Amino acid sequence: MEKNLEKIQTTRFGEVEVDGSLLFNFVSPIIGYSDKKRFTLIDYRPDSPFKWLQSMEDKDLAFPVTLCSYFDIDYQFELSDEDAQTLGIKSADEILALNIVTIPQINPQGATINLLAPIVINTTNNNAMQVILRDSKLPVRHPLFEKQEKKSDEGAK
């Protein structure tokens, strides 16, 4: 069976061939990007816990994303009935939740992950949206890496 491939030009990765099965339609936009509806996942390095959520409409727009499980973050949330309906989700097995990561250029160890507003993808129909979790105390900037100083201080005592 032949894959449905589409070529796009990106700022970060140059020309990339995108598998049609990895094209996502944002039925509700990512906050601040209401005019961008089509995205894909780019696996920049196969051994990396990070992927890039690349806009198909803007070669300059890509978000680093990851799964909380890669970093042993205990992460569970409840999707509202309204959001599940918007995405067309009928079963929890259809959900892929990715979280946007902020990686400071001058201090990559200071990277944070947004736990309050995950990107939720319906793996059956490829509909996606950024969901803002209601009544949640989850942080927008949860540290991805433990502070090395803490470990050093504990060893000195």
# chains A, B, ... in the order shown; residues from 1 in each chain; ligands from 1
call {"tool": "select_by_dssp", "arguments": {"residues": "segment 47-143 of chain A", "states": "helix (DSSP H, G or I)", "output": "PyMOL selection string"}}
result
chain A and resi 68-71+81-87+92-94+108-110
call {"tool": "select_by_dssp", "arguments": {"residues": "segment 27-71 of chain A", "states": "strand (DSSP E)", "output": "JSON, numbers by chain"}}
result
{"A": [27, 28, 38, 39, 40, 41, 42, 50, 51, 52, 53, 54, 55, 62, 63, 64, 65, 66]}
call {"tool": "write_last_selection", "arguments": {"atoms": "N, CA and C atoms", "output": "PDB file, in the first residue's frame"}}
result
ATOM      1  N   VAL A  27      -9.486  21.362  15.129  1.00  0.00           N
ATOM      2  CA  VAL A  27     -10.890  21.771  15.099  1.00  0.00           C
ATOM      3  C   VAL A  27     -11.123  22.950  16.044  1.00  0.00           C
ATOM      4  N   SER A  28     -10.190  23.157  16.936  1.00  0.00           N
ATOM      5  CA  SER A  28     -10.140  24.322  17.810  1.00  0.00           C
ATOM      6  C   SER A  28      -8.656  24.669  17.881  1.00  0.00           C
ATOM      7  N   ARG A  38      -3.786  23.204  10.264  1.00  0.00           N
ATOM      8  CA  ARG A  38      -3.186  21.921   9.874  1.00  0.00           C
ATOM      9  C   ARG A  38      -1.760  21.821  10.408  1.00  0.00           C
ATOM     10  N   PHE A  39      -1.506  20.726  11.110  1.00  0.00           N
ATOM     11  CA  PHE A  39      -0.185  20.474  11.687  1.00  0.00           C
ATOM     12  C   PHE A  39       0.207  19.028  11.428  1.00  0.00           C
ATOM     13  N   THR A  40       1.488  18.769  11.570  1.00  0.00           N
ATOM     14  CA  THR A  40       2.004  17.411  11.480  1.00  0.00           C
ATOM     15  C   THR A  40       3.032  17.213  12.580  1.00  0.00           C
ATOM     16  N   LEU A  41       3.350  15.967  12.863  1.00  0.00           N
ATOM     17  CA  LEU A  41       4.416  15.657  13.825  1.00  0.00           C
ATOM     18  C   LEU A  41       5.674  15.306  13.061  1.00  0.00           C
ATOM     19  N   ILE A  42       6.763  15.964  13.419  1.00  0.00           N
ATOM     20  CA  ILE A  42       8.056  15.667  12.803  1.00  0.00           C
ATOM     21  C   ILE A  42       8.954  15.060  13.863  1.00  0.00           C
ATOM     22  N   PHE A  50      11.462  14.123  22.255  1.00  0.00           N
ATOM     23  CA  PHE A  50      10.737  15.274  21.729  1.00  0.00           C
ATOM     24  C   PHE A  50      10.398  15.078  20.263  1.00  0.00           C
ATOM     25  N   LYS A  51       9.247  15.603  19.874  1.00  0.00           N
ATOM     26  CA  LYS A  51       8.853  15.681  18.478  1.00  0.00           C
ATOM     27  C   LYS A  51       8.504  17.146  18.237  1.00  0.00           C
ATOM     28  N   TRP A  52       8.284  17.494  16.990  1.00  0.00           N
ATOM     29  CA  TRP A  52       7.912  18.867  16.650  1.00  0.00           C
ATOM     30  C   TRP A  52       6.532  18.857  16.035  1.00  0.00           C
ATOM     31  N   LEU A  53       5.647  19.686  16.575  1.00  0.00           N
ATOM     32  CA  LEU A  53       4.326  19.886  16.008  1.00  0.00           C
ATOM     33  C   LEU A  53       4.472  21.045  15.029  1.00  0.00           C
ATOM     34  N   GLN A  54       4.596  20.704  13.759  1.00  0.00           N
ATOM     35  CA  GLN A  54       4.921  21.666  12.697  1.00  0.00           C
ATOM     36  C   GLN A  54       3.656  22.094  11.962  1.00  0.00           C
ATOM     37  N   SER A  55       3.492  23.397  11.812  1.00  0.00           N
ATOM     38  CA  SER A  55       2.374  23.924  11.028  1.00  0.00           C
ATOM     39  C   SER A  55       2.594  23.595   9.556  1.00  0.00           C
ATOM     40  N   ALA A  62       6.622  25.927  14.665  1.00  0.00           N
ATOM     41  CA  ALA A  62       6.733  24.545  15.139  1.00  0.00           C
ATOM     42  C   ALA A  62       6.904  24.566  16.659  1.00  0.00           C
ATOM     43  N   PHE A  63       6.202  23.676  17.333  1.00  0.00           N
ATOM     44  CA  PHE A  63       6.270  23.583  18.791  1.00  0.00           C
ATOM     45  C   PHE A  63       6.948  22.282  19.196  1.00  0.00           C
ATOM     46  N   PRO A  64       7.927  22.337  20.105  1.00  0.00           N
ATOM     47  CA  PRO A  64       8.450  21.077  20.638  1.00  0.00           C
ATOM     48  C   PRO A  64       7.382  20.476  21.561  1.00  0.00           C
ATOM     49  N   VAL A  65       7.124  19.187  21.384  1.00  0.00           N
ATOM     50  CA  VAL A  65       6.135  18.489  22.202  1.00  0.00           C
ATOM     51  C   VAL A  65       6.718  17.169  22.693  1.00  0.00           C
ATOM     52  N   THR A  66       6.097  16.641  23.742  1.00  0.00           N
ATOM     53  CA  THR A  66       6.542  15.358  24.273  1.00  0.00           C
ATOM     54  C   THR A  66       5.387  14.688  24.992  1.00  0.00           C
TER      55      THR A  66
END
call {"tool": "closest_residue", "arguments": {"among": "A:Asp43, A:Val140, A:Thr11, A:Asn122", "to": "Ile89 of chain A", "atoms": "only C-alpha atoms"}}
result
A:Asn122
call {"tool": "residues_around", "arguments": {"residues": "Asp19 of chain A", "least_positions_apart": "5", "cutoff": "9 Å", "atoms": "only C-alpha atoms", "output": "list in words"}}
result
Lys3, Asn4, Leu5, Glu6, Lys7 and Thr40 of chain A
call {"tool": "residues_around", "arguments": {"residues": "Lys37 of chain A", "least_positions_apart": "2", "cutoff": "12 Å", "atoms": "only C-alpha atoms", "output": "list in words"}}
result
Leu23, Phe24, Asn25, Phe26, Val27, Ser28, Pro29, Ile30, Ile31, Gly32, Tyr33, Ser34, Asp35, Phe39, Thr40, Leu53, Gln54, Ser55, Met56, Glu57, Asp58, Leu61, Asn126, Asn127, Ala128, Met129 and Gln130 of chain A
call {"tool": "atom_distance", "arguments": {"atom1": "atom CA of Ile95 of chain A", "atom2": "atom CA of Val120 of chain A"}}
result
6.6 Å
call {"tool": "atom_distance", "arguments": {"atom1": "atom CA of Ala97 of chain A", "atom2": "atom CA of Phe13 of chain A"}}
result
23.6 Å
call {"tool": "closest_residue", "arguments": {"among": "A:Pro46, A:Ile8, A:Lys36, A:Leu144", "to": "Gln109 of chain A", "atoms": "only C-alpha atoms"}}
result
A:Leu144
